[in-house]
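Structure file data-v8.cif (mmCIF, C-alpha atoms and all ligand atoms) follows.
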```
data_coords
#
loop_
_atom_site.group_PDB
_atom_site.id
_atom_site.type_symbol
_atom_site.label_atom_id
_atom_site.label_comp_id
_atom_site.auth_asym_id
_atom_site.auth_seq_id
_atom_site.Cartn_x
_atom_site.Cartn_y
_atom_site.Cartn_z
ATOM 1 C CA MET A 104 -100.346 39.723 67.500
ATOM 2 C CA ALA A 105 -97.662 42.310 66.755
ATOM 3 C CA SER A 106 -99.997 45.242 67.506
ATOM 4 C CA ASP A 107 -100.627 43.853 71.015
ATOM 5 C CA ARG A 108 -96.976 43.785 71.925
ATOM 6 C CA VAL A 109 -95.267 46.480 73.908
ATOM 7 C CA PRO A 110 -92.077 47.342 72.017
ATOM 8 C CA THR A 111 -88.972 46.291 73.912
ATOM 9 C CA ALA A 112 -85.466 47.557 73.333
ATOM 10 C CA LYS A 113 -84.018 44.039 73.471
ATOM 11 C CA ARG A 114 -85.672 42.039 70.748
ATOM 12 C CA LEU A 115 -84.238 38.618 71.624
ATOM 13 C CA ALA A 116 -84.089 38.836 75.424
ATOM 14 C CA GLY A 117 -83.385 35.407 76.915
ATOM 15 C CA ARG A 118 -83.736 33.626 73.554
ATOM 16 C CA SER A 119 -81.433 30.765 72.575
ATOM 17 C CA ALA A 120 -79.846 31.371 69.170
ATOM 18 C CA VAL A 121 -77.473 29.553 66.825
ATOM 19 C CA VAL A 122 -75.493 31.565 64.257
ATOM 20 C CA THR A 123 -73.301 29.714 61.743
ATOM 21 C CA GLY A 124 -70.421 31.307 59.879
ATOM 22 C CA ALA A 125 -69.998 33.563 62.926
ATOM 23 C CA ALA A 126 -66.203 33.911 62.823
ATOM 24 C CA SER A 127 -66.365 36.639 60.190
ATOM 25 C CA GLY A 128 -68.451 39.102 58.207
ATOM 26 C CA ILE A 129 -72.243 38.854 58.305
ATOM 27 C CA GLY A 130 -72.257 35.967 60.791
ATOM 28 C CA ARG A 131 -70.037 37.744 63.311
ATOM 29 C CA ALA A 132 -72.004 40.995 63.003
ATOM 30 C CA SER A 133 -75.246 39.042 63.532
ATOM 31 C CA ALA A 134 -73.948 37.068 66.520
ATOM 32 C CA LEU A 135 -72.838 40.331 68.159
ATOM 33 C CA LEU A 136 -76.150 42.052 67.407
ATOM 34 C CA PHE A 137 -78.257 39.090 68.585
ATOM 35 C CA ALA A 138 -76.256 38.998 71.840
ATOM 36 C CA ALA A 139 -76.633 42.768 72.258
ATOM 37 C CA HIS A 140 -80.386 42.158 71.995
ATOM 38 C CA GLY A 141 -80.260 39.656 74.833
ATOM 39 C CA ALA A 142 -79.897 36.352 72.963
ATOM 40 C CA HIS A 143 -77.731 33.537 74.307
ATOM 41 C CA VAL A 144 -75.665 32.626 71.266
ATOM 42 C CA VAL A 145 -74.074 29.405 70.056
ATOM 43 C CA ALA A 146 -71.540 30.851 67.617
ATOM 44 C CA VAL A 147 -70.415 28.320 65.011
ATOM 45 C CA ASP A 148 -67.674 28.324 62.402
ATOM 46 C CA ARG A 149 -65.031 25.977 61.083
ATOM 47 C CA ALA A 150 -62.465 28.796 61.421
ATOM 48 C CA PRO A 151 -60.660 29.243 64.777
ATOM 49 C CA GLU A 152 -61.556 32.966 64.847
ATOM 50 C CA ILE A 153 -64.930 31.857 66.227
ATOM 51 C CA GLU A 154 -63.336 32.109 69.696
ATOM 52 C CA GLU A 155 -62.736 35.817 69.067
ATOM 53 C CA THR A 156 -66.420 36.395 68.265
ATOM 54 C CA VAL A 157 -67.416 34.808 71.555
ATOM 55 C CA SER A 158 -64.791 36.835 73.462
ATOM 56 C CA MET A 159 -66.247 39.996 71.922
ATOM 57 C CA ILE A 160 -69.742 39.009 73.093
ATOM 58 C CA ARG A 161 -68.572 38.140 76.608
ATOM 59 C CA ARG A 162 -66.608 41.398 76.933
ATOM 60 C CA THR A 163 -69.872 43.279 76.540
ATOM 61 C CA GLY A 164 -71.624 41.133 79.149
ATOM 62 C CA GLY A 165 -73.377 38.745 76.746
ATOM 63 C CA ARG A 166 -73.695 34.957 76.948
ATOM 64 C CA ALA A 167 -72.186 32.831 74.181
ATOM 65 C CA VAL A 168 -70.363 29.594 73.464
ATOM 66 C CA ALA A 169 -68.044 28.938 70.529
ATOM 67 C CA LEU A 170 -68.223 25.772 68.467
ATOM 68 C CA ALA A 171 -65.662 24.875 65.801
ATOM 69 C CA LYS A 172 -67.840 22.800 63.462
ATOM 70 C CA ASP A 173 -68.440 22.155 59.773
ATOM 71 C CA VAL A 174 -72.051 22.808 58.685
ATOM 72 C CA SER A 175 -71.767 20.337 55.808
ATOM 73 C CA SER A 176 -71.318 17.470 58.303
ATOM 74 C CA GLU A 177 -74.556 15.993 59.639
ATOM 75 C CA ARG A 178 -72.862 14.868 62.828
ATOM 76 C CA ASP A 179 -71.493 18.382 63.442
ATOM 77 C CA VAL A 180 -74.872 19.999 62.834
ATOM 78 C CA ALA A 181 -76.564 17.593 65.240
ATOM 79 C CA GLU A 182 -73.967 18.585 67.884
ATOM 80 C CA ILE A 183 -74.518 22.300 67.204
ATOM 81 C CA ILE A 184 -78.251 22.055 67.870
ATOM 82 C CA GLU A 185 -77.745 19.751 70.886
ATOM 83 C CA THR A 186 -75.325 22.310 72.341
ATOM 84 C CA ALA A 187 -77.902 25.106 72.092
ATOM 85 C CA VAL A 188 -80.506 22.967 73.862
ATOM 86 C CA ARG A 189 -78.067 21.824 76.556
ATOM 87 C CA GLU A 190 -76.429 25.201 77.225
ATOM 88 C CA PHE A 191 -79.395 27.515 76.833
ATOM 89 C CA GLY A 192 -82.430 25.293 77.446
ATOM 90 C CA GLY A 193 -83.870 25.192 73.908
ATOM 91 C CA LEU A 194 -83.647 26.843 70.518
ATOM 92 C CA ASP A 195 -85.643 29.909 69.502
ATOM 93 C CA VAL A 196 -83.578 31.328 66.632
ATOM 94 C CA CYS A 197 -81.317 29.691 64.087
ATOM 95 C CA TYR A 198 -79.374 31.706 61.508
ATOM 96 C CA ALA A 199 -77.893 29.355 58.867
ATOM 97 C CA ASN A 200 -75.414 31.791 57.390
ATOM 98 C CA ALA A 201 -72.133 29.924 56.757
ATOM 99 C CA GLY A 202 -71.076 29.942 53.127
ATOM 100 C CA VAL A 203 -68.281 29.898 50.594
ATOM 101 C CA SER A 204 -68.130 31.670 47.219
ATOM 102 C CA GLY A 205 -65.719 29.626 45.135
ATOM 103 C CA GLY A 206 -64.841 32.775 43.176
ATOM 104 C CA LEU A 207 -66.042 33.873 39.767
ATOM 105 C CA VAL A 208 -64.921 30.701 37.992
ATOM 106 C CA SER A 209 -66.218 30.381 34.429
ATOM 107 C CA LEU A 210 -68.665 27.651 33.419
ATOM 108 C CA PHE A 211 -66.082 25.660 31.453
ATOM 109 C CA ASP A 212 -63.491 25.872 34.223
ATOM 110 C CA THR A 213 -65.884 24.641 36.916
ATOM 111 C CA THR A 214 -65.223 21.035 37.884
ATOM 112 C CA VAL A 215 -67.713 18.615 39.421
ATOM 113 C CA GLU A 216 -65.559 18.613 42.566
ATOM 114 C CA GLN A 217 -65.800 22.419 42.919
ATOM 115 C CA PHE A 218 -69.523 22.369 42.177
ATOM 116 C CA THR A 219 -70.162 19.650 44.769
ATOM 117 C CA GLU A 220 -67.993 21.302 47.425
ATOM 118 C CA ILE A 221 -69.853 24.612 47.170
ATOM 119 C CA LEU A 222 -73.254 22.921 47.183
ATOM 120 C CA ASN A 223 -72.229 20.853 50.210
ATOM 121 C CA VAL A 224 -71.479 23.941 52.306
ATOM 122 C CA ASN A 225 -74.038 26.440 51.014
ATOM 123 C CA LEU A 226 -77.039 24.213 50.321
ATOM 124 C CA VAL A 227 -76.568 20.920 52.188
ATOM 125 C CA GLY A 228 -75.244 22.926 55.161
ATOM 126 C CA ALA A 229 -78.339 25.146 55.168
ATOM 127 C CA PHE A 230 -80.599 22.094 54.751
ATOM 128 C CA LEU A 231 -79.019 20.240 57.687
ATOM 129 C CA THR A 232 -79.050 23.302 59.946
ATOM 130 C CA LEU A 233 -82.678 24.044 59.098
ATOM 131 C CA LYS A 234 -83.758 20.413 59.545
ATOM 132 C CA TYR A 235 -82.142 19.899 62.953
ATOM 133 C CA ALA A 236 -83.198 23.326 64.222
ATOM 134 C CA ALA A 237 -86.792 22.864 63.057
ATOM 135 C CA ARG A 238 -87.112 19.541 64.941
ATOM 136 C CA ILE A 239 -86.492 21.320 68.234
ATOM 137 C CA MET A 240 -88.641 24.350 67.374
ATOM 138 C CA VAL A 241 -91.623 22.261 66.232
ATOM 139 C CA SER A 242 -91.726 20.525 69.603
ATOM 140 C CA LYS A 243 -91.985 23.968 71.240
ATOM 141 C CA GLY A 244 -94.492 25.309 68.705
ATOM 142 C CA LYS A 245 -92.417 28.432 67.983
ATOM 143 C CA GLY A 246 -89.171 29.519 66.369
ATOM 144 C CA SER A 247 -87.519 31.496 63.614
ATOM 145 C CA ILE A 248 -85.043 30.124 61.088
ATOM 146 C CA VAL A 249 -83.155 32.513 58.818
ATOM 147 C CA CYS A 250 -80.814 31.489 55.997
ATOM 148 C CA THR A 251 -78.388 33.638 54.050
ATOM 149 C CA ALA A 252 -79.055 33.210 50.338
ATOM 150 C CA SER A 253 -77.853 35.915 47.909
ATOM 151 C CA VAL A 254 -78.943 38.103 45.014
ATOM 152 C CA ALA A 255 -76.928 35.506 43.079
ATOM 153 C CA GLY A 256 -79.746 33.073 43.844
ATOM 154 C CA LEU A 257 -82.311 35.423 42.277
ATOM 155 C CA LYS A 258 -80.534 36.448 39.079
ATOM 156 C CA SER A 259 -77.289 35.766 37.247
ATOM 157 C CA GLY A 260 -74.309 38.081 37.294
ATOM 158 C CA ALA A 261 -73.359 37.978 40.957
ATOM 159 C CA GLY A 262 -71.470 34.710 41.308
ATOM 160 C CA GLY A 263 -70.119 31.601 39.631
ATOM 161 C CA VAL A 264 -72.360 28.746 38.483
ATOM 162 C CA PRO A 265 -72.127 26.591 41.647
ATOM 163 C CA TYR A 266 -72.501 29.568 44.003
ATOM 164 C CA SER A 267 -75.567 30.914 42.192
ATOM 165 C CA ALA A 268 -77.150 27.456 41.970
ATOM 166 C CA SER A 269 -76.510 26.861 45.663
ATOM 167 C CA LYS A 270 -78.148 30.158 46.638
ATOM 168 C CA ALA A 271 -81.157 29.554 44.350
ATOM 169 C CA GLY A 272 -81.399 26.230 46.179
ATOM 170 C CA VAL A 273 -81.396 28.004 49.542
ATOM 171 C CA ILE A 274 -84.310 30.210 48.414
ATOM 172 C CA SER A 275 -86.273 27.131 47.328
ATOM 173 C CA LEU A 276 -85.369 25.354 50.574
ATOM 174 C CA VAL A 277 -86.756 28.227 52.627
ATOM 175 C CA GLN A 278 -89.992 28.425 50.628
ATOM 176 C CA THR A 279 -90.539 24.669 50.755
ATOM 177 C CA ALA A 280 -89.634 24.300 54.429
ATOM 178 C CA ALA A 281 -91.900 27.193 55.454
ATOM 179 C CA ASN A 282 -94.795 25.361 53.816
ATOM 180 C CA GLN A 283 -93.870 21.918 55.125
ATOM 181 C CA LEU A 284 -93.746 23.450 58.612
ATOM 182 C CA SER A 285 -97.279 24.762 58.144
ATOM 183 C CA GLY A 286 -99.200 24.936 61.410
ATOM 184 C CA THR A 287 -96.126 24.429 63.605
ATOM 185 C CA GLY A 288 -95.474 28.080 64.510
ATOM 186 C CA VAL A 289 -91.992 27.897 63.008
ATOM 187 C CA ARG A 290 -91.114 30.608 60.465
ATOM 188 C CA VAL A 291 -88.420 30.204 57.800
ATOM 189 C CA ASN A 292 -87.020 33.093 55.736
ATOM 190 C CA ALA A 293 -83.955 33.973 53.703
ATOM 191 C CA ILE A 294 -81.943 37.146 53.235
ATOM 192 C CA CYS A 295 -80.504 37.845 49.785
ATOM 193 C CA PRO A 296 -77.592 40.241 50.328
ATOM 194 C CA GLY A 297 -76.053 42.254 47.520
ATOM 195 C CA LEU A 298 -72.360 43.105 47.642
ATOM 196 C CA ILE A 299 -71.224 43.367 51.268
ATOM 197 C CA GLU A 300 -67.657 43.981 52.446
ATOM 198 C CA THR A 301 -66.705 40.836 54.395
ATOM 199 C CA GLY A 302 -63.969 38.214 54.434
ATOM 200 C CA MET A 303 -65.559 36.654 51.352
ATOM 201 C CA THR A 304 -65.406 39.803 49.236
ATOM 202 C CA GLN A 305 -62.253 41.352 50.747
ATOM 203 C CA PRO A 306 -60.135 40.615 47.628
ATOM 204 C CA ILE A 307 -62.551 42.685 45.498
ATOM 205 C CA PHE A 308 -62.321 45.652 47.868
ATOM 206 C CA ASP A 309 -58.547 45.313 48.375
ATOM 207 C CA HIS A 310 -57.971 45.153 44.614
ATOM 208 C CA ALA A 311 -60.150 48.216 43.971
ATOM 209 C CA ARG A 312 -58.461 50.197 46.778
ATOM 210 C CA SER A 313 -55.022 49.319 45.453
ATOM 211 C CA ARG A 314 -56.057 50.752 42.057
ATOM 212 C CA GLY A 315 -57.903 53.738 43.517
ATOM 213 C CA THR A 316 -61.212 52.542 42.011
ATOM 214 C CA GLU A 317 -63.104 51.780 45.229
ATOM 215 C CA GLY A 318 -65.584 54.543 44.323
ATOM 216 C CA LYS A 319 -66.824 52.305 41.498
ATOM 217 C CA ILE A 320 -67.828 49.472 43.821
ATOM 218 C CA GLY A 321 -71.580 49.075 44.161
ATOM 219 C CA GLN A 322 -72.382 51.604 41.430
ATOM 220 C CA LEU A 323 -74.931 49.269 39.783
ATOM 221 C CA ASN A 324 -77.423 49.620 42.628
ATOM 222 C CA PRO A 325 -79.502 52.779 43.196
ATOM 223 C CA LEU A 326 -77.796 53.499 46.515
ATOM 224 C CA ARG A 327 -74.481 53.384 44.626
ATOM 225 C CA ARG A 328 -72.449 51.780 47.353
ATOM 226 C CA ALA A 329 -71.624 48.370 48.787
ATOM 227 C CA GLY A 330 -73.293 47.245 51.997
ATOM 228 C CA HIS A 331 -71.951 46.659 55.490
ATOM 229 C CA ALA A 332 -72.252 43.405 57.421
ATOM 230 C CA SER A 333 -74.221 45.214 60.136
ATOM 231 C CA GLU A 334 -76.883 46.174 57.558
ATOM 232 C CA ILE A 335 -77.541 42.471 56.936
ATOM 233 C CA ALA A 336 -77.330 41.685 60.657
ATOM 234 C CA HIS A 337 -80.158 44.141 61.379
ATOM 235 C CA VAL A 338 -82.392 42.389 58.847
ATOM 236 C CA ALA A 339 -81.461 39.016 60.359
ATOM 237 C CA LEU A 340 -82.413 40.424 63.783
ATOM 238 C CA PHE A 341 -85.765 41.601 62.414
ATOM 239 C CA LEU A 342 -86.545 38.205 60.854
ATOM 240 C CA ALA A 343 -85.348 36.363 63.975
ATOM 241 C CA SER A 344 -87.494 38.462 66.316
ATOM 242 C CA ASP A 345 -91.231 38.674 66.931
ATOM 243 C CA ASP A 346 -91.212 41.936 64.958
ATOM 244 C CA ALA A 347 -91.375 39.645 61.895
ATOM 245 C CA SER A 348 -94.109 37.428 63.364
ATOM 246 C CA TYR A 349 -96.121 37.419 60.093
ATOM 247 C CA VAL A 350 -93.153 37.158 57.707
ATOM 248 C CA ASN A 351 -92.713 33.597 56.488
ATOM 249 C CA GLY A 352 -91.345 31.764 53.443
ATOM 250 C CA GLN A 353 -89.758 34.914 52.010
ATOM 251 C CA ALA A 354 -86.422 35.638 50.347
ATOM 252 C CA LEU A 355 -85.741 39.281 51.157
ATOM 253 C CA PRO A 356 -83.232 41.154 48.981
ATOM 254 C CA VAL A 357 -81.008 43.500 50.991
ATOM 255 C CA ASP A 358 -78.985 44.905 48.148
ATOM 256 C CA GLY A 359 -79.387 48.679 47.904
ATOM 257 C CA GLY A 360 -82.073 48.112 45.257
ATOM 258 C CA LEU A 361 -79.889 46.118 42.850
ATOM 259 C CA SER A 362 -82.462 43.379 42.187
ATOM 260 C CA SER A 363 -85.347 45.823 41.749
ATOM 261 C CA SER A 364 -84.355 46.802 38.230
ATOM 262 C CA LEU A 365 -83.284 45.449 34.872
ATOM 263 C CA PRO A 366 -79.755 46.556 33.912
ATOM 264 C CA VAL A 367 -79.727 50.258 33.039
ATOM 265 C CA VAL A 368 -77.054 52.777 32.210
ATOM 266 C CA PRO A 369 -76.558 54.702 35.502
ATOM 267 C CA ARG A 370 -77.648 58.358 35.251
ATOM 268 C CA ARG A 371 -74.857 60.915 35.537
HETATM 269 N N1 LIG B 401 -70.337 39.264 51.261
HETATM 270 C C1 LIG B 401 -71.244 39.324 50.291
HETATM 271 O O1 LIG B 401 -71.196 40.189 49.402
HETATM 272 C C2 LIG B 401 -72.360 38.312 50.272
HETATM 273 C C3 LIG B 401 -73.404 38.513 49.354
HETATM 274 C C4 LIG B 401 -74.445 37.607 49.311
HETATM 275 C C5 LIG B 401 -74.462 36.531 50.181
HETATM 276 N N2 LIG B 401 -73.431 36.355 51.060
HETATM 277 C C6 LIG B 401 -73.499 35.185 51.946
HETATM 278 O O2 LIG B 401 -73.373 35.625 53.281
HETATM 279 C C7 LIG B 401 -72.935 34.536 54.087
HETATM 280 C C8 LIG B 401 -71.826 35.018 55.006
HETATM 281 O O3 LIG B 401 -70.695 35.330 54.214
HETATM 282 P P1 LIG B 401 -69.768 36.593 54.476
HETATM 283 O O4 LIG B 401 -69.939 37.503 53.321
HETATM 284 O O5 LIG B 401 -69.966 37.103 55.843
HETATM 285 O O6 LIG B 401 -68.336 35.924 54.277
HETATM 286 P P2 LIG B 401 -67.189 35.541 55.321
HETATM 287 O O7 LIG B 401 -66.222 34.737 54.537
HETATM 288 O O8 LIG B 401 -66.716 36.767 55.999
HETATM 289 O O9 LIG B 401 -67.938 34.610 56.385
HETATM 290 C C9 LIG B 401 -68.339 33.290 56.070
HETATM 291 C C10 LIG B 401 -67.990 32.400 57.254
HETATM 292 O O10 LIG B 401 -68.503 31.083 56.998
HETATM 293 C C11 LIG B 401 -67.546 30.164 57.481
HETATM 294 N N3 LIG B 401 -67.717 28.853 56.837
HETATM 295 C C12 LIG B 401 -67.516 28.542 55.538
HETATM 296 N N4 LIG B 401 -67.748 27.240 55.340
HETATM 297 C C13 LIG B 401 -68.114 26.718 56.537
HETATM 298 C C14 LIG B 401 -68.485 25.416 56.973
HETATM 299 N N5 LIG B 401 -68.514 24.365 56.113
HETATM 300 N N6 LIG B 401 -68.803 25.224 58.275
HETATM 301 C C15 LIG B 401 -68.757 26.266 59.152
HETATM 302 N N7 LIG B 401 -68.405 27.513 58.794
HETATM 303 C C16 LIG B 401 -68.094 27.735 57.501
HETATM 304 C C17 LIG B 401 -66.205 30.798 57.133
HETATM 305 O O11 LIG B 401 -65.144 30.230 57.891
HETATM 306 C C18 LIG B 401 -66.476 32.260 57.451
HETATM 307 O O12 LIG B 401 -66.114 32.593 58.773
HETATM 308 C C19 LIG B 401 -72.527 33.429 53.121
HETATM 309 O O13 LIG B 401 -73.547 32.459 53.048
HETATM 310 C C20 LIG B 401 -72.406 34.158 51.801
HETATM 311 O O14 LIG B 401 -72.600 33.308 50.703
HETATM 312 C C21 LIG B 401 -72.394 37.215 51.129
#
```
Starting from the coordinates I provided, produce the structure as structure tokens.
Ligand SMILES: NC(=O)c1ccc[n+]([C@@H]2O[C@H](COP(=O)([O-])OP(=O)(O)OC[C@H]3O[C@@H](n4cnc5c(N)ncnc54)[C@H](O)[C@@H]3O)[C@@H](O)[C@H]2O)c1
Amino acid sequence: MASDRVPTAKRLAGRSAVVTGAASGIGRASALLFAAHGAHVVAVDRAPEIEETVSMIRRTGGRAVALAKDVSSERDVAEIIETAVREFGGLDVCYANAGVSGGLVSLFDTTVEQFTEILNVNLVGAFLTLKYAARIMVSKGKGSIVCTASVAGLKSGAGGVPYSASKAGVISLVQTAANQLSGTGVRVNAICPGLIETGMTQPIFDHARSRGTEGKIGQLNPLRRAGHASEIAHVALFLASDDASYVNGQALPVDGGLSSSLPVVPRR
């Protein structure tokens, strides 16, 4: 029980962890934070910058391996999980975070090909990662799986049709999987970030800065600012660790309060 545990500074000491989408943004920040908390990290991304993430971890004395893989490929996902077991002796934590936005394309401009591509990465990728990770964790009777959903999966207004549908799917996946894994000791949760400055949203921030309107970014949430990747990484660390030992099947908004309210005219 949580109350019986002596708090330790390193929350994932000696744990084996997979983080997907770790070449950039939220995934990189999480891989670095998990490693700083003692995890041995399999850092996954289809982008070559994944090597840089692992170099950053090793420079600070952490253990990590880089894998250039596509989370929408079942064969790649099987290899990702096998690598964690082979390199680090098991799998304790899996953060299925890789995703693509597809931009704010309008309903009528969205093609079936675009819709399918986004679902393949964001939803099928999360499903495959969760499924293969859970197999290993169930055999050990313990483990934590975290997925990155989005506020776009809770309400409209934060993404295009395929992106929002994919993230709503991730929330349902997490709820359903947590219940199907009943009695196994494996927890499954999702984080629903609001607007965070990362590779995915860089064009929004660059555009606003070029016009001198960056002060308007994030003004719809009560904290009146955008979030940082490290602010999501700390929630991922909490859910991954035993600190969240009784948190299961939840989709946790981390959005400065955006999703807590109906649209209102901001007070001056
Ligand atoms: N940035 C935001 O405002 C925001 C808000 C809500 C949710 N999210 C979600 O957070 C997650 C991380 O995104 P981010 O904001 O850090 O963006 P990012 O673009 O900085 O990072 C996403 C990473 O995922 C990788 N990736 C994409 N498709 C992949 C695939 N098929 N296989 C392996 N890797 C793949 C990319 O190469 C990239 O490195 C995504 O799931 C995204 O939908 C982001």
Within 6 Å of ligand LIG 401 (chain B), which residues of chain A come that close, and what is the closest atom pair and distance in Å for each? Count all atoms listed in the file and give it as a tab-separated table.
```
residue	atom	partner	partner_atom	distance
A:Gly124	CA	B:LIG401	O10	3.5
A:Ala125	CA	B:LIG401	O12	5.8
A:Ala126	CA	B:LIG401	O12	4.3
A:Ser127	CA	B:LIG401	O8	4.2
A:Gly128	CA	B:LIG401	O5	3.4
A:Ile129	CA	B:LIG401	O5	3.8
A:Gly130	CA	B:LIG401	O5	5.6
A:Asp148	CA	B:LIG401	N7	3.8
A:Arg149	CA	B:LIG401	C15	4.2
A:Ala150	CA	B:LIG401	O11	4.7
A:Lys172	CA	B:LIG401	C15	5.6
A:Asp173	CA	B:LIG401	N6	3.4
A:Val174	CA	B:LIG401	N6	4.1
A:Ser175	CA	B:LIG401	N5	5.2
A:Asn200	CA	B:LIG401	O13	4.8
A:Ala201	CA	B:LIG401	O10	3.8
A:Gly202	CA	B:LIG401	O13	3.5
A:Val203	CA	B:LIG401	C12	5.2
A:Ser204	CA	B:LIG401	O14	5.9
A:Val224	CA	B:LIG401	N5	4.8
A:Thr251	CA	B:LIG401	O13	5.1
A:Ala252	CA	B:LIG401	C5	5.7
A:Ser253	CA	B:LIG401	C4	4.1
A:Pro296	CA	B:LIG401	C4	4.2
A:Gly297	CA	B:LIG401	C3	4.9
A:Leu298	CA	B:LIG401	O1	3.6
A:Ile299	CA	B:LIG401	O1	3.7
A:Glu300	CA	B:LIG401	N1	5.6
A:Thr301	CA	B:LIG401	O8	4.4
A:Gly302	CA	B:LIG401	O8	3.5
A:Met303	CA	B:LIG401	O7	3.8
A:Thr304	CA	B:LIG401	N1	5.4
```
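A straight line drawn from CA of Val144 (chain A) to CA of Met240 (chain A) is 15.9 Å long.
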TODO: Please evaluate the PyMOL selection byres (((chain A and resi 335) around 8) and not hetatm) against the structure above and give the resulting residues as number ranges by chain.
DONE: A: 129, 133, 294, 296, 331-334, 336-339, 357
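What separates CA of Gly359 (chain A) from CA of Gly260 (chain A) is a distance of 15.8 Å.
The residue that comes closest to Ala199 (chain A), out of A:Asn292, A:Asn223, A:Gln217, A:Thr186 and on the basis of only C-alpha atoms, is A:Asn292.
The smallest atom-to-atom distance between Ser364 (chain A) and any of A:Gly318, A:Gly228, A:Pro265, A:Pro325, using only C-alpha atoms, is found for A:Pro325.
Coordinates place CA of Cys250 (chain A) at a distance of 6.9 Å from CA of Ala229 (chain A).
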